[in-house]
$ cat upload.cif   # mmCIF, C-alpha atoms
data_run
#
loop_
_atom_site.group_PDB
_atom_site.id
_atom_site.type_symbol
_atom_site.label_atom_id
_atom_site.label_comp_id
_atom_site.auth_asym_id
_atom_site.auth_seq_id
_atom_site.Cartn_x
_atom_site.Cartn_y
_atom_site.Cartn_z
ATOM 1 C CA MET N 1 -29.131 51.867 80.388
ATOM 2 C CA GLU N 2 -28.722 51.489 76.618
ATOM 3 C CA LYS N 3 -26.536 48.405 77.156
ATOM 4 C CA LEU N 4 -29.161 46.906 79.457
ATOM 5 C CA TRP N 5 -31.882 47.222 76.818
ATOM 6 C CA ARG N 6 -29.595 45.900 74.056
ATOM 7 C CA TRP N 7 -28.698 42.795 76.051
ATOM 8 C CA GLN N 8 -32.226 42.341 77.304
ATOM 9 C CA LYS N 9 -33.372 42.291 73.672
ATOM 10 C CA ARG N 10 -30.580 39.942 72.568
ATOM 11 C CA LEU N 11 -31.476 37.507 75.336
ATOM 12 C CA GLN N 12 -35.171 37.833 74.438
ATOM 13 C CA LEU N 13 -36.125 39.230 77.835
ATOM 14 C CA GLU N 14 -38.064 42.211 76.445
ATOM 15 C CA ASP N 15 -41.207 41.112 78.284
ATOM 16 C CA TRP N 16 -39.429 41.766 81.593
ATOM 17 C CA ARG N 17 -39.360 45.189 83.237
ATOM 18 C CA VAL N 18 -35.750 45.455 84.403
ATOM 19 C CA ALA N 19 -34.453 48.345 86.489
ATOM 20 C CA LEU N 20 -30.768 49.160 86.806
ATOM 21 C CA VAL N 21 -29.535 50.570 90.111
ATOM 22 C CA ILE N 22 -26.021 51.877 90.727
ATOM 23 C CA THR N 23 -24.941 50.579 94.120
ATOM 24 C CA ARG N 24 -22.071 51.281 96.498
ATOM 25 C CA THR N 25 -19.732 48.495 97.620
ATOM 26 C CA SER N 26 -21.176 48.583 101.137
ATOM 27 C CA GLU N 27 -24.594 47.560 99.742
ATOM 28 C CA LEU N 28 -23.279 44.479 97.921
ATOM 29 C CA LYS N 29 -22.071 41.130 99.233
ATOM 30 C CA PRO N 30 -18.281 40.951 99.646
ATOM 31 C CA LYS N 31 -16.364 40.196 96.430
ATOM 32 C CA THR N 32 -19.359 40.927 94.187
ATOM 33 C CA LEU N 33 -19.852 43.609 91.562
ATOM 34 C CA GLY N 34 -23.611 43.333 91.312
ATOM 35 C CA ASN N 35 -26.702 41.217 91.843
ATOM 36 C CA ILE N 36 -30.217 40.678 90.619
ATOM 37 C CA HIS N 37 -33.567 40.185 92.322
ATOM 38 C CA TRP N 38 -36.634 39.210 90.336
ATOM 39 C CA ASP N 39 -40.316 38.448 90.613
ATOM 40 C CA THR N 40 -41.252 35.848 88.001
ATOM 41 C CA ASP N 41 -44.989 36.403 88.475
ATOM 42 C CA LYS N 42 -44.771 40.150 87.816
ATOM 43 C CA LYS N 43 -41.874 39.758 85.338
ATOM 44 C CA THR N 44 -39.914 42.493 87.091
ATOM 45 C CA ALA N 45 -36.267 42.535 88.082
ATOM 46 C CA THR N 46 -33.719 44.890 89.603
ATOM 47 C CA ILE N 47 -30.063 44.652 88.667
ATOM 48 C CA ARG N 48 -27.625 46.319 91.033
ATOM 49 C CA VAL N 49 -24.244 47.285 89.558
ATOM 50 C CA LEU N 50 -21.224 48.613 91.406
ATOM 51 C CA ASP N 51 -20.997 52.407 91.483
ATOM 52 C CA PRO N 52 -18.204 53.795 89.251
ATOM 53 C CA ALA N 53 -16.938 55.695 92.323
ATOM 54 C CA ASP N 54 -15.990 52.330 93.858
ATOM 55 C CA TYR N 55 -13.994 51.060 90.867
ATOM 56 C CA GLU N 56 -10.228 51.311 90.864
ATOM 57 C CA MET N 57 -9.501 50.852 87.160
ATOM 58 C CA PRO N 58 -9.380 52.984 84.012
ATOM 59 C CA LEU N 59 -12.712 54.109 82.536
ATOM 60 C CA PRO N 60 -12.749 51.796 79.471
ATOM 61 C CA GLU N 61 -12.095 48.713 81.642
ATOM 62 C CA MET N 62 -14.685 49.860 84.175
ATOM 63 C CA LEU N 63 -17.349 50.234 81.485
ATOM 64 C CA ARG N 64 -16.560 46.764 80.097
ATOM 65 C CA ASP N 65 -16.764 45.329 83.591
ATOM 66 C CA MET N 66 -20.112 47.000 84.255
ATOM 67 C CA GLU N 67 -21.464 45.626 80.968
ATOM 68 C CA PHE N 68 -20.218 42.152 81.961
ATOM 69 C CA THR N 69 -22.142 42.477 85.232
ATOM 70 C CA VAL N 70 -25.337 43.431 83.392
ATOM 71 C CA VAL N 71 -25.015 40.497 80.962
ATOM 72 C CA HIS N 72 -24.140 38.141 83.822
ATOM 73 C CA GLU N 73 -27.225 39.144 85.804
ATOM 74 C CA LEU N 74 -29.503 38.925 82.757
ATOM 75 C CA ILE N 75 -28.306 35.358 82.178
ATOM 76 C CA HIS N 76 -29.319 34.559 85.763
ATOM 77 C CA LEU N 77 -32.734 35.990 84.914
ATOM 78 C CA GLU N 78 -32.942 33.808 81.803
ATOM 79 C CA LEU N 79 -32.155 30.753 83.931
ATOM 80 C CA ALA N 80 -34.573 31.698 86.712
ATOM 81 C CA SER N 81 -37.478 29.790 85.243
ATOM 82 C CA VAL N 82 -35.335 26.689 84.731
ATOM 83 C CA LEU N 83 -33.547 26.564 88.077
ATOM 84 C CA SER N 84 -35.907 25.867 90.909
ATOM 85 C CA PRO N 85 -35.169 27.837 94.071
ATOM 86 C CA PHE N 86 -35.835 24.662 96.052
ATOM 87 C CA SER N 87 -32.998 22.741 94.442
ATOM 88 C CA ARG N 88 -30.380 25.442 94.994
ATOM 89 C CA ASN N 89 -27.596 24.966 97.521
ATOM 90 C CA ASP N 90 -24.100 26.371 97.920
ATOM 91 C CA ALA N 91 -22.559 23.839 95.526
ATOM 92 C CA SER N 92 -25.166 24.354 92.811
ATOM 93 C CA ARG N 93 -24.897 28.147 93.192
ATOM 94 C CA ARG N 94 -21.118 27.948 92.671
ATOM 95 C CA GLU N 95 -21.672 25.813 89.560
ATOM 96 C CA GLU N 96 -24.333 28.228 88.315
ATOM 97 C CA GLU N 97 -21.983 31.201 88.834
ATOM 98 C CA HIS N 98 -19.221 29.385 86.954
ATOM 99 C CA ALA N 99 -21.541 28.597 84.014
ATOM 100 C CA VAL N 100 -23.049 32.105 83.960
ATOM 101 C CA ASN N 101 -19.564 33.666 83.952
ATOM 102 C CA HIS N 102 -18.540 31.519 80.967
ATOM 103 C CA MET N 103 -21.729 32.353 79.045
ATOM 104 C CA ALA N 104 -21.409 36.086 79.732
ATOM 105 C CA ASP N 105 -17.755 36.054 78.725
ATOM 106 C CA ALA N 106 -18.522 34.184 75.488
ATOM 107 C CA LEU N 107 -21.386 36.525 74.551
ATOM 108 C CA LEU N 108 -19.304 39.621 75.206
ATOM 109 C CA LYS N 109 -16.338 38.258 73.217
ATOM 110 C CA LEU N 110 -18.667 37.610 70.284
ATOM 111 C CA ASP N 111 -20.118 41.092 70.622
ATOM 112 C CA ARG N 112 -16.647 42.639 70.691
ATOM 113 C CA GLY N 113 -15.360 40.571 67.769
ATOM 114 C CA GLN N 114 -12.823 38.636 69.822
#

$ encode --input "upload.cif" --output "structure tokens"
Amino acid sequence: MEKLWRWQKRLQLEDWRVALVITRTSELKPKTLGNIHWDTDKKTATIRVLDPADYEMPLPEMLRDMEFTVVHELIHLELASVLSPFSRNDASRREEEHAVNHMADALLKLDRGQ
């Protein structure tokens, strides 16, 4: 939860009420490690992150991966007001995922001094 607040502050999303929910693999879409649902009017969001019980990697890598998921989902939240839900299709979602992954990776590398 500390990482959520730190990244929320860094991305200037402090005015959002963001909940973090640990979620089992069966509750996520295939090949995903998390997701986010938001309500722009209420400025609330819920980030779901894969349960540590469902990871098959060493603890340090798992924690880095979970932090990546949180940052990734917060970037989606930052873009929510810019990207209209009416203009989204499969191709634009793939492009958005690609861009969000690159931004999250860059932010985390900066944070980790890489």

$ axis_aligned_box --input "upload.cif" --around "segment 76-81 of chain N" --padding-each-side "5 Å" --output "AutoDock Vina command-line options"
--center_x -33.4 --center_y 32.9 --center_z 84.3 --size_x 18.2 --size_y 16.2 --size_z 14.9

$ atom_distance --input "upload.cif" --atom1 "atom CA of Ser92 of chain N" --atom2 "atom CA of Thr46 of chain N"
22.5 Å

$ resolve_selection --input "upload.cif" --expression "the PyMOL selection byres ((chain N and resi 75-84) around 8)" --output "ChimeraX atom specification"
/N:11,13,36,38,40,71-74,85-88,100,103-104

$ residues_near_point --input "upload.cif" --point "(-35.6, 49.4, 88.1)" --cutoff "12 Å" --atoms "only C-alpha atoms" --output "PDB file with C-alpha atoms, in the frame of the given file"
ATOM      1  CA  MET N   1     -29.131  51.867  80.388  1.00  0.00           C
ATOM      2  CA  LEU N   4     -29.161  46.906  79.457  1.00  0.00           C
ATOM      3  CA  TRP N  16     -39.429  41.766  81.593  1.00  0.00           C
ATOM      4  CA  ARG N  17     -39.360  45.189  83.237  1.00  0.00           C
ATOM      5  CA  VAL N  18     -35.750  45.455  84.403  1.00  0.00           C
ATOM      6  CA  ALA N  19     -34.453  48.345  86.489  1.00  0.00           C
ATOM      7  CA  LEU N  20     -30.768  49.160  86.806  1.00  0.00           C
ATOM      8  CA  VAL N  21     -29.535  50.570  90.111  1.00  0.00           C
ATOM      9  CA  ILE N  22     -26.021  51.877  90.727  1.00  0.00           C
ATOM     10  CA  ILE N  36     -30.217  40.678  90.619  1.00  0.00           C
ATOM     11  CA  HIS N  37     -33.567  40.185  92.322  1.00  0.00           C
ATOM     12  CA  TRP N  38     -36.634  39.210  90.336  1.00  0.00           C
ATOM     13  CA  LYS N  43     -41.874  39.758  85.338  1.00  0.00           C
ATOM     14  CA  THR N  44     -39.914  42.493  87.091  1.00  0.00           C
ATOM     15  CA  ALA N  45     -36.267  42.535  88.082  1.00  0.00           C
ATOM     16  CA  THR N  46     -33.719  44.890  89.603  1.00  0.00           C
ATOM     17  CA  ILE N  47     -30.063  44.652  88.667  1.00  0.00           C
ATOM     18  CA  ARG N  48     -27.625  46.319  91.033  1.00  0.00           C
ATOM     19  CA  VAL N  49     -24.244  47.285  89.558  1.00  0.00           C
TER      20      VAL N  49
END

$ atom_distance --input "upload.cif" --atom1 "atom CA of Glu67 of chain N" --atom2 "atom CA of Asp51 of chain N"
12.5 Å

$ closest_residue --input "upload.cif" --among "N:Gln114, N:Asp54, N:Phe68, N:Met62" --to "His102 of chain N" --atoms "all atoms listed in the file"
N:Phe68

$ atom_distance --input "upload.cif" --atom1 "atom CA of Tyr55 of chain N" --atom2 "atom CA of Arg10 of chain N"
27.1 Å

$ residues_around --input "upload.cif" --residues "Leu50 of chain N" --least-positions-apart "3" --cutoff "7 Å" --atoms "all atoms listed in the file" --output "VMD selection string"
chain N and resid 22 to 25 33 to 34 54

$ closest_residue --input "upload.cif" --among "N:Ala91, N:Lys31, N:Ser26, N:Asp105" --to "Val70 of chain N" --atoms "all atoms listed in the file"
N:Asp105

$ closest_residue --input "upload.cif" --among "N:Pro30, N:Leu59, N:Ala106, N:Asp15" --to "Lys42 of chain N" --atoms "only C-alpha atoms"
N:Asp15

$ closest_residue --input "upload.cif" --among "N:Thr69, N:Gly113, N:Arg94, N:Glu27" --to "Trp7 of chain N" --atoms "all atoms listed in the file"
N:Thr69

$ closest_residue --input "upload.cif" --among "N:Asp111, N:His98, N:Lys3, N:Gln12" --to "Met66 of chain N" --atoms "only C-alpha atoms"
N:Lys3
